[in-house]
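Asks: Just one file: structure.txt, with compact mmCIF, N, CA and C atoms.
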```
# COMPACT_ATOMS: atom_id res chain seq x y z
N MET A 240 -18.13 -36.67 13.08
CA MET A 240 -17.46 -35.68 13.90
C MET A 240 -16.06 -35.37 13.35
N LYS A 241 -15.37 -36.41 12.87
CA LYS A 241 -14.03 -36.24 12.33
C LYS A 241 -14.06 -35.37 11.08
N HIS A 242 -15.10 -35.54 10.24
CA HIS A 242 -15.23 -34.75 9.02
C HIS A 242 -15.50 -33.28 9.34
N ILE A 243 -16.25 -33.02 10.39
CA ILE A 243 -16.54 -31.64 10.78
C ILE A 243 -15.26 -30.96 11.25
N LYS A 244 -14.43 -31.66 12.03
CA LYS A 244 -13.17 -31.10 12.51
C LYS A 244 -12.23 -30.82 11.34
N THR A 245 -12.19 -31.72 10.37
CA THR A 245 -11.33 -31.54 9.20
C THR A 245 -11.79 -30.33 8.38
N ALA A 246 -13.10 -30.21 8.17
CA ALA A 246 -13.65 -29.09 7.42
C ALA A 246 -13.40 -27.78 8.17
N LEU A 247 -13.55 -27.80 9.49
CA LEU A 247 -13.31 -26.61 10.29
C LEU A 247 -11.84 -26.19 10.25
N ALA A 248 -10.94 -27.18 10.30
CA ALA A 248 -9.50 -26.88 10.22
C ALA A 248 -9.15 -26.30 8.85
N ALA A 249 -9.70 -26.86 7.78
CA ALA A 249 -9.43 -26.35 6.43
C ALA A 249 -9.97 -24.93 6.27
N THR A 250 -11.15 -24.67 6.78
CA THR A 250 -11.74 -23.34 6.70
C THR A 250 -10.91 -22.33 7.48
N THR A 251 -10.44 -22.72 8.66
CA THR A 251 -9.61 -21.84 9.48
C THR A 251 -8.30 -21.51 8.75
N PHE A 252 -7.72 -22.52 8.12
CA PHE A 252 -6.48 -22.32 7.37
C PHE A 252 -6.68 -21.35 6.21
N ILE A 253 -7.76 -21.50 5.48
CA ILE A 253 -8.06 -20.62 4.34
C ILE A 253 -8.30 -19.19 4.82
N LEU A 254 -9.04 -19.04 5.91
CA LEU A 254 -9.29 -17.71 6.45
C LEU A 254 -8.00 -17.06 6.95
N ALA A 255 -7.11 -17.86 7.54
CA ALA A 255 -5.82 -17.33 7.99
C ALA A 255 -4.99 -16.84 6.81
N LEU A 256 -4.97 -17.60 5.72
CA LEU A 256 -4.25 -17.17 4.53
C LEU A 256 -4.83 -15.89 3.96
N ALA A 257 -6.15 -15.80 3.94
CA ALA A 257 -6.80 -14.59 3.43
C ALA A 257 -6.47 -13.39 4.31
N ALA A 258 -6.45 -13.57 5.62
CA ALA A 258 -6.13 -12.47 6.54
C ALA A 258 -4.70 -12.00 6.34
N VAL A 259 -3.76 -12.93 6.16
CA VAL A 259 -2.36 -12.58 5.95
C VAL A 259 -2.19 -11.84 4.63
N SER A 260 -2.87 -12.28 3.58
CA SER A 260 -2.71 -11.62 2.28
C SER A 260 -3.35 -10.24 2.26
N LEU A 261 -4.38 -10.01 3.05
CA LEU A 261 -5.04 -8.71 3.08
C LEU A 261 -4.47 -7.77 4.14
N ALA A 262 -3.60 -8.26 4.99
CA ALA A 262 -3.08 -7.45 6.09
C ALA A 262 -2.29 -6.24 5.61
N GLY A 263 -1.63 -6.33 4.46
CA GLY A 263 -0.81 -5.23 3.99
C GLY A 263 -1.51 -4.29 3.04
N THR A 264 -2.80 -4.45 2.77
CA THR A 264 -3.46 -3.57 1.81
C THR A 264 -3.94 -2.30 2.47
N GLY A 265 -4.21 -1.32 1.65
CA GLY A 265 -4.67 -0.03 2.14
C GLY A 265 -3.71 1.06 1.72
N PRO A 266 -4.05 2.29 1.97
CA PRO A 266 -3.21 3.41 1.55
C PRO A 266 -1.81 3.34 2.16
N GLY A 267 -0.79 3.33 1.31
CA GLY A 267 0.59 3.36 1.77
C GLY A 267 1.19 2.02 2.10
N THR A 268 0.39 0.96 2.18
CA THR A 268 0.97 -0.33 2.53
C THR A 268 0.73 -1.38 1.46
N GLY A 269 -0.40 -1.37 0.81
CA GLY A 269 -0.70 -2.38 -0.20
C GLY A 269 -0.81 -1.72 -1.55
N MET A 270 -1.89 -1.95 -2.25
CA MET A 270 -2.11 -1.31 -3.52
C MET A 270 -2.27 0.19 -3.29
N PRO A 271 -1.90 1.01 -4.24
CA PRO A 271 -1.80 2.43 -4.00
C PRO A 271 -3.12 3.16 -3.77
N MET A 272 -4.25 2.57 -4.09
CA MET A 272 -5.55 3.18 -3.86
C MET A 272 -5.62 4.56 -4.53
N GLY A 273 -5.12 4.64 -5.76
CA GLY A 273 -5.18 5.88 -6.51
C GLY A 273 -4.02 6.82 -6.28
N LYS A 274 -3.00 6.41 -5.55
CA LYS A 274 -1.86 7.28 -5.30
C LYS A 274 -0.84 7.12 -6.43
N GLY A 275 -0.16 8.18 -6.75
CA GLY A 275 0.94 8.12 -7.70
C GLY A 275 0.46 8.22 -9.14
N PRO A 276 1.31 8.72 -10.02
CA PRO A 276 0.95 8.86 -11.42
C PRO A 276 1.12 7.55 -12.18
N GLY A 277 0.08 6.83 -12.39
CA GLY A 277 0.13 5.61 -13.19
C GLY A 277 0.83 4.46 -12.49
N MET A 278 1.22 3.47 -13.28
CA MET A 278 1.83 2.26 -12.73
C MET A 278 3.25 2.50 -12.25
N GLY A 279 4.00 3.40 -12.87
CA GLY A 279 5.41 3.56 -12.55
C GLY A 279 5.66 3.94 -11.12
N GLN A 280 5.06 5.03 -10.66
CA GLN A 280 5.34 5.48 -9.31
C GLN A 280 4.34 4.90 -8.31
N GLY A 281 3.09 4.79 -8.67
CA GLY A 281 2.06 4.37 -7.74
C GLY A 281 2.25 2.96 -7.22
N MET A 282 2.56 2.01 -8.11
CA MET A 282 2.71 0.63 -7.66
C MET A 282 3.90 0.48 -6.73
N GLY A 283 5.00 1.14 -7.02
CA GLY A 283 6.18 1.03 -6.17
C GLY A 283 5.94 1.63 -4.80
N GLN A 284 5.28 2.77 -4.75
CA GLN A 284 5.01 3.40 -3.46
C GLN A 284 4.06 2.55 -2.65
N GLY A 285 3.07 1.98 -3.29
CA GLY A 285 2.05 1.24 -2.57
C GLY A 285 2.53 -0.10 -2.08
N MET A 286 3.45 -0.74 -2.81
CA MET A 286 3.82 -2.10 -2.47
C MET A 286 4.93 -2.17 -1.43
N GLY A 287 5.66 -1.09 -1.22
CA GLY A 287 6.66 -1.04 -0.15
C GLY A 287 7.70 -2.14 -0.22
N ASN A 288 7.72 -3.03 0.74
CA ASN A 288 8.75 -4.06 0.81
C ASN A 288 8.36 -5.36 0.12
N CYS A 289 7.40 -5.33 -0.74
CA CYS A 289 6.99 -6.53 -1.48
C CYS A 289 8.11 -6.95 -2.41
N CYS A 290 8.14 -8.22 -2.76
CA CYS A 290 9.18 -8.71 -3.66
C CYS A 290 9.10 -8.06 -5.03
N CYS A 291 7.95 -7.57 -5.42
CA CYS A 291 7.79 -6.98 -6.75
C CYS A 291 8.11 -5.50 -6.75
N GLY A 292 7.94 -4.80 -5.65
CA GLY A 292 8.07 -3.35 -5.65
C GLY A 292 9.33 -2.87 -4.98
N GLY A 293 9.38 -3.01 -3.70
CA GLY A 293 10.53 -2.52 -2.96
C GLY A 293 10.69 -1.01 -3.06
N GLY A 294 9.59 -0.31 -3.37
CA GLY A 294 9.66 1.13 -3.49
C GLY A 294 10.19 1.62 -4.82
N ARG A 295 10.54 0.72 -5.75
CA ARG A 295 11.12 1.13 -7.01
C ARG A 295 10.07 1.38 -8.07
N GLY A 296 8.89 0.80 -7.95
CA GLY A 296 7.86 0.96 -8.98
C GLY A 296 8.01 -0.09 -10.06
N MET A 297 7.08 -0.09 -10.99
CA MET A 297 7.08 -1.09 -12.04
C MET A 297 8.08 -0.78 -13.15
N MET A 298 8.65 0.41 -13.19
CA MET A 298 9.58 0.79 -14.24
C MET A 298 10.95 0.17 -14.04
N GLY A 299 11.31 -0.21 -12.86
CA GLY A 299 12.64 -0.72 -12.60
C GLY A 299 13.35 0.17 -11.59
N ALA A 300 14.62 -0.09 -11.40
CA ALA A 300 15.38 0.60 -10.35
C ALA A 300 15.60 2.06 -10.69
N GLY A 301 14.81 2.93 -10.07
CA GLY A 301 15.01 4.36 -10.19
C GLY A 301 14.76 4.94 -11.57
N GLN A 302 14.10 4.23 -12.44
CA GLN A 302 13.89 4.72 -13.79
C GLN A 302 12.52 5.35 -13.91
N SER A 303 12.47 6.49 -14.53
CA SER A 303 11.18 7.14 -14.77
C SER A 303 10.92 7.14 -16.27
N ALA A 304 9.72 7.52 -16.63
CA ALA A 304 9.35 7.52 -18.03
C ALA A 304 10.14 8.54 -18.83
N GLY A 305 10.78 9.51 -18.19
CA GLY A 305 11.51 10.54 -18.89
C GLY A 305 12.91 10.14 -19.32
N GLU A 306 13.47 9.09 -18.78
CA GLU A 306 14.84 8.66 -19.08
C GLU A 306 14.81 7.64 -20.21
N GLN A 307 14.82 8.11 -21.45
CA GLN A 307 14.75 7.22 -22.60
C GLN A 307 16.15 7.00 -23.18
N VAL A 308 16.40 5.79 -23.62
CA VAL A 308 17.68 5.45 -24.23
C VAL A 308 17.68 5.94 -25.68
N THR A 309 18.84 6.40 -26.14
CA THR A 309 18.98 6.84 -27.53
C THR A 309 19.43 5.68 -28.40
N ARG A 310 19.39 5.87 -29.71
CA ARG A 310 19.83 4.82 -30.63
C ARG A 310 21.31 4.49 -30.40
N GLU A 311 22.13 5.50 -30.15
CA GLU A 311 23.56 5.27 -29.92
C GLU A 311 23.79 4.46 -28.64
N GLN A 312 23.05 4.79 -27.60
CA GLN A 312 23.17 4.03 -26.35
C GLN A 312 22.70 2.59 -26.54
N ALA A 313 21.62 2.40 -27.29
CA ALA A 313 21.11 1.04 -27.56
C ALA A 313 22.12 0.25 -28.37
N THR A 314 22.74 0.88 -29.36
CA THR A 314 23.75 0.20 -30.18
C THR A 314 24.94 -0.21 -29.32
N ALA A 315 25.40 0.68 -28.46
CA ALA A 315 26.52 0.35 -27.57
C ALA A 315 26.17 -0.79 -26.63
N ALA A 316 24.96 -0.77 -26.07
CA ALA A 316 24.53 -1.84 -25.16
C ALA A 316 24.45 -3.17 -25.89
N LEU A 317 23.92 -3.18 -27.11
CA LEU A 317 23.83 -4.42 -27.89
C LEU A 317 25.21 -4.94 -28.26
N ASN A 318 26.11 -4.06 -28.70
CA ASN A 318 27.48 -4.49 -29.03
C ASN A 318 28.18 -5.11 -27.84
N THR A 319 28.06 -4.47 -26.68
CA THR A 319 28.69 -4.98 -25.46
C THR A 319 28.11 -6.34 -25.08
N TYR A 320 26.79 -6.47 -25.17
CA TYR A 320 26.11 -7.71 -24.80
C TYR A 320 26.49 -8.86 -25.73
N VAL A 321 26.47 -8.62 -27.03
CA VAL A 321 26.80 -9.68 -28.00
C VAL A 321 28.26 -10.07 -27.89
N THR A 322 29.15 -9.10 -27.73
CA THR A 322 30.58 -9.41 -27.59
C THR A 322 30.84 -10.25 -26.35
N ALA A 323 30.16 -9.95 -25.26
CA ALA A 323 30.39 -10.67 -24.00
C ALA A 323 29.76 -12.06 -23.98
N HIS A 324 28.62 -12.25 -24.65
CA HIS A 324 27.87 -13.49 -24.47
C HIS A 324 27.74 -14.36 -25.72
N PHE A 325 27.96 -13.82 -26.91
CA PHE A 325 27.73 -14.58 -28.14
C PHE A 325 28.92 -14.41 -29.08
N LYS A 326 29.96 -15.20 -28.87
CA LYS A 326 31.16 -15.13 -29.70
C LYS A 326 30.83 -15.57 -31.12
N GLY A 327 31.29 -14.81 -32.10
CA GLY A 327 31.08 -15.14 -33.50
C GLY A 327 29.77 -14.65 -34.08
N TYR A 328 28.95 -13.98 -33.30
CA TYR A 328 27.68 -13.44 -33.79
C TYR A 328 27.86 -11.97 -34.13
N SER A 329 27.07 -11.49 -35.07
CA SER A 329 27.13 -10.07 -35.45
C SER A 329 25.73 -9.48 -35.46
N LEU A 330 25.68 -8.17 -35.25
CA LEU A 330 24.40 -7.46 -35.21
C LEU A 330 23.92 -7.14 -36.62
N GLY A 331 22.62 -7.22 -36.80
CA GLY A 331 22.00 -6.76 -38.03
C GLY A 331 21.62 -5.30 -37.88
N GLU A 332 20.73 -4.85 -38.74
CA GLU A 332 20.26 -3.47 -38.67
C GLU A 332 19.42 -3.27 -37.42
N ILE A 333 19.67 -2.20 -36.71
CA ILE A 333 18.93 -1.89 -35.49
C ILE A 333 17.76 -0.99 -35.87
N GLU A 334 16.56 -1.45 -35.56
CA GLU A 334 15.37 -0.66 -35.90
C GLU A 334 14.66 -0.20 -34.63
N ALA A 335 14.10 0.99 -34.72
CA ALA A 335 13.35 1.57 -33.60
C ALA A 335 11.90 1.10 -33.68
N VAL A 336 11.35 0.73 -32.53
CA VAL A 336 9.96 0.31 -32.43
C VAL A 336 9.30 1.18 -31.38
N GLU A 337 8.28 1.94 -31.79
CA GLU A 337 7.59 2.83 -30.86
C GLU A 337 6.63 2.02 -29.99
N ARG A 338 6.72 2.22 -28.70
CA ARG A 338 5.86 1.57 -27.72
C ARG A 338 5.21 2.66 -26.86
N PRO A 339 4.12 2.34 -26.14
CA PRO A 339 3.46 3.36 -25.32
C PRO A 339 4.37 4.01 -24.28
N ARG A 340 5.34 3.29 -23.74
CA ARG A 340 6.21 3.86 -22.71
C ARG A 340 7.52 4.39 -23.26
N GLY A 341 7.72 4.33 -24.57
CA GLY A 341 8.94 4.87 -25.16
C GLY A 341 9.39 4.05 -26.35
N THR A 342 10.54 4.41 -26.89
CA THR A 342 11.09 3.75 -28.06
C THR A 342 11.93 2.55 -27.63
N MET A 343 11.65 1.40 -28.22
CA MET A 343 12.41 0.18 -28.01
C MET A 343 13.22 -0.06 -29.28
N TYR A 344 14.36 -0.70 -29.16
CA TYR A 344 15.19 -1.00 -30.32
C TYR A 344 15.31 -2.52 -30.45
N ALA A 345 15.28 -3.01 -31.69
CA ALA A 345 15.35 -4.44 -31.95
C ALA A 345 16.35 -4.71 -33.07
N THR A 346 17.02 -5.84 -32.98
CA THR A 346 17.96 -6.24 -34.03
C THR A 346 18.00 -7.75 -34.12
N THR A 347 18.37 -8.24 -35.29
CA THR A 347 18.59 -9.67 -35.49
C THR A 347 20.08 -9.93 -35.37
N VAL A 348 20.43 -10.93 -34.60
CA VAL A 348 21.82 -11.30 -34.37
C VAL A 348 22.05 -12.64 -35.07
N THR A 349 23.08 -12.73 -35.93
CA THR A 349 23.35 -13.95 -36.71
C THR A 349 24.81 -14.36 -36.58
N ASP A 350 25.07 -15.65 -36.88
CA ASP A 350 26.45 -16.12 -36.96
C ASP A 350 26.71 -16.62 -38.38
N ALA A 351 27.92 -17.13 -38.63
CA ALA A 351 28.32 -17.56 -39.98
C ALA A 351 27.49 -18.75 -40.47
N ALA A 352 26.99 -19.58 -39.56
CA ALA A 352 26.21 -20.77 -39.94
C ALA A 352 24.75 -20.43 -40.23
N GLY A 353 24.36 -19.18 -40.03
CA GLY A 353 22.98 -18.78 -40.29
C GLY A 353 22.06 -18.87 -39.10
N ASN A 354 22.59 -19.22 -37.94
CA ASN A 354 21.77 -19.21 -36.73
C ASN A 354 21.42 -17.78 -36.39
N ALA A 355 20.16 -17.54 -36.04
CA ALA A 355 19.74 -16.16 -35.80
C ALA A 355 18.75 -16.10 -34.63
N PHE A 356 18.76 -14.98 -33.96
CA PHE A 356 17.79 -14.67 -32.92
C PHE A 356 17.65 -13.17 -32.83
N ILE A 357 16.69 -12.73 -32.05
CA ILE A 357 16.40 -11.30 -31.92
C ILE A 357 16.77 -10.83 -30.51
N LEU A 358 17.34 -9.64 -30.42
CA LEU A 358 17.58 -8.98 -29.15
C LEU A 358 16.82 -7.66 -29.14
N HIS A 359 16.30 -7.28 -28.00
CA HIS A 359 15.61 -6.01 -27.82
C HIS A 359 16.36 -5.18 -26.79
N VAL A 360 16.28 -3.87 -26.92
CA VAL A 360 16.72 -2.94 -25.88
C VAL A 360 15.47 -2.16 -25.51
N ASN A 361 15.04 -2.29 -24.25
CA ASN A 361 13.81 -1.60 -23.83
C ASN A 361 14.07 -0.10 -23.72
N PRO A 362 13.04 0.71 -23.51
CA PRO A 362 13.23 2.16 -23.48
C PRO A 362 14.18 2.66 -22.39
N TRP A 363 14.55 1.83 -21.44
CA TRP A 363 15.44 2.25 -20.36
C TRP A 363 16.83 1.65 -20.47
N GLY A 364 17.15 1.02 -21.61
CA GLY A 364 18.51 0.57 -21.89
C GLY A 364 18.83 -0.86 -21.51
N MET A 365 17.86 -1.64 -21.06
CA MET A 365 18.13 -3.04 -20.68
C MET A 365 18.02 -3.94 -21.91
N VAL A 366 19.02 -4.78 -22.14
CA VAL A 366 19.00 -5.72 -23.26
C VAL A 366 18.14 -6.91 -22.87
N ARG A 367 17.18 -7.26 -23.72
CA ARG A 367 16.26 -8.36 -23.46
C ARG A 367 16.40 -9.39 -24.57
N GLY A 368 16.35 -10.66 -24.22
CA GLY A 368 16.41 -11.71 -25.23
C GLY A 368 17.45 -12.71 -24.84
N PRO A 369 17.78 -13.63 -25.67
CA PRO A 369 17.43 -13.74 -27.09
C PRO A 369 16.03 -14.30 -27.30
N PHE A 370 15.39 -13.82 -28.36
CA PHE A 370 14.10 -14.31 -28.79
C PHE A 370 14.27 -15.04 -30.10
N VAL A 371 13.63 -16.19 -30.23
CA VAL A 371 13.75 -17.00 -31.45
C VAL A 371 12.81 -16.44 -32.50
N GLN A 372 13.30 -16.35 -33.72
CA GLN A 372 12.47 -15.87 -34.82
C GLN A 372 11.49 -16.95 -35.24
N GLY A 373 10.26 -16.55 -35.50
CA GLY A 373 9.26 -17.49 -35.99
C GLY A 373 9.35 -17.63 -37.49
N ASN A 374 9.01 -18.82 -38.01
CA ASN A 374 9.06 -19.04 -39.47
C ASN A 374 7.75 -18.70 -40.09
```
Represent the structure of the file as structure tokens.
Replies:
Amino acid sequence: MKHIKTALAATTFILALAAVSLAGTGPGTGMPMGKGPGMGQGMGQGMGNCCCGGGRGMMGAGQSAGEQVTREQATAALNTYVTAHFKGYSLGEIEAVERPRGTMYATTVTDAAGNAFILHVNPWGMVRGPFVQGN
């Protein structure tokens, strides 16, 4: 009898978790159910107050696919980032990398001792990294 009560309590707990996780799904509250153009707008609209969306979408805060960063803006962002966070390091050549959502910029950052890592600027101007170079 004790095992039946334990199994029943565990099953009730699992069903309660499933009900809570499914409570927000559907048009306008959970997944977008085909609303919105692609992942950028549709996911943000559908997820509402979720920790991942908040109405902003998967692109980030208010960014759409049309707002692409230029090489000059990427260079300025990288210079500012390296100056603020990596004293004694210098930027290498900045190269453009074409991605499905836009142009990303990448550079190798080195110091006098030969320590090096890679920084990226995504298509919306956010500096990402440092990434360690593989041998």
Asks: Please indicate the distance in Å from atom CA of Arg310 of chain A to atom CA of Arg340 of chain A, rounded to one decimal place.
Replies: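 Separation between atom CA of Arg310 of chain A and atom CA of Arg340 of chain A: 15.8 Å.
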Asks: Separation of atom N of Val371 of chain A and atom C of Phe356 of chain A, in Å?
Replies: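 Taking atom N of Val371 of chain A and atom C of Phe356 of chain A, their separation equals 5.7 Å.
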Asks: Considering all atoms listed in the file, state which residue in the set A:Thr245, A:Thr319, A:Gln372, A:Ser329 is at the smallest distance from Ala351 of chain A.
Replies: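 Going through A:Thr245, A:Thr319, A:Gln372, A:Ser329 one by one, the smallest distance to Ala351 of chain A is for A:Ser329.
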Asks: Can you list, as a count of residues only, every protein, DNA or RNA residue that comes within 8 Å of Asp350 of chain A when you count all atoms listed in the file, leaving out same-chain residues fewer than 4 positions away?
Replies: 8
Asks: Looking only at alpha helix (DSSP H) from DSSP on the backbone, list the matching residues of segment 320-352 of chain A as a list in words.
Replies: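 Checking each residue of segment 320-352 of chain A, the alpha helix (DSSP H) ones are Tyr320, Val321, Thr322, Ala323 and His324 of chain A.
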Asks: Put those residues in a file: N, CA and C atoms, as a PDB file, in the coordinates of the input.
Replies:
```
ATOM      1  N   TYR A 320      26.790  -6.470 -25.170  1.00  0.00           N
ATOM      2  CA  TYR A 320      26.110  -7.710 -24.800  1.00  0.00           C
ATOM      3  C   TYR A 320      26.490  -8.860 -25.730  1.00  0.00           C
ATOM      4  N   VAL A 321      26.470  -8.620 -27.030  1.00  0.00           N
ATOM      5  CA  VAL A 321      26.800  -9.680 -28.000  1.00  0.00           C
ATOM      6  C   VAL A 321      28.260 -10.070 -27.890  1.00  0.00           C
ATOM      7  N   THR A 322      29.150  -9.100 -27.730  1.00  0.00           N
ATOM      8  CA  THR A 322      30.580  -9.410 -27.590  1.00  0.00           C
ATOM      9  C   THR A 322      30.840 -10.250 -26.350  1.00  0.00           C
ATOM     10  N   ALA A 323      30.160  -9.950 -25.260  1.00  0.00           N
ATOM     11  CA  ALA A 323      30.390 -10.670 -24.000  1.00  0.00           C
ATOM     12  C   ALA A 323      29.760 -12.060 -23.980  1.00  0.00           C
ATOM     13  N   HIS A 324      28.620 -12.250 -24.650  1.00  0.00           N
ATOM     14  CA  HIS A 324      27.870 -13.490 -24.470  1.00  0.00           C
ATOM     15  C   HIS A 324      27.740 -14.360 -25.720  1.00  0.00           C
TER      16      HIS A 324
END
```
Asks: Work out how far apart atom N of Ala335 of chain A and atom N of Ala352 of chain A are and give it in Å to one decimal.
Replies: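 According to the coordinates, atom N of Ala335 of chain A and atom N of Ala352 of chain A are separated by 24.8 Å.
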Asks: Quick one: residues within 5 Å of segment 344-346 of chain A, only N, CA and C atoms counted, chain neighbours fewer than 2 positions away excluded, as a VMD selection string?
Replies: chain A and resid 332 to 336 342 348 357 to 360
Asks: Show me the residues close to (14.4, 1.7, -20.9) - anything with an atom within 8 Å, counting only C-alpha atoms - and format the list as a count of residues only.
Replies: 12
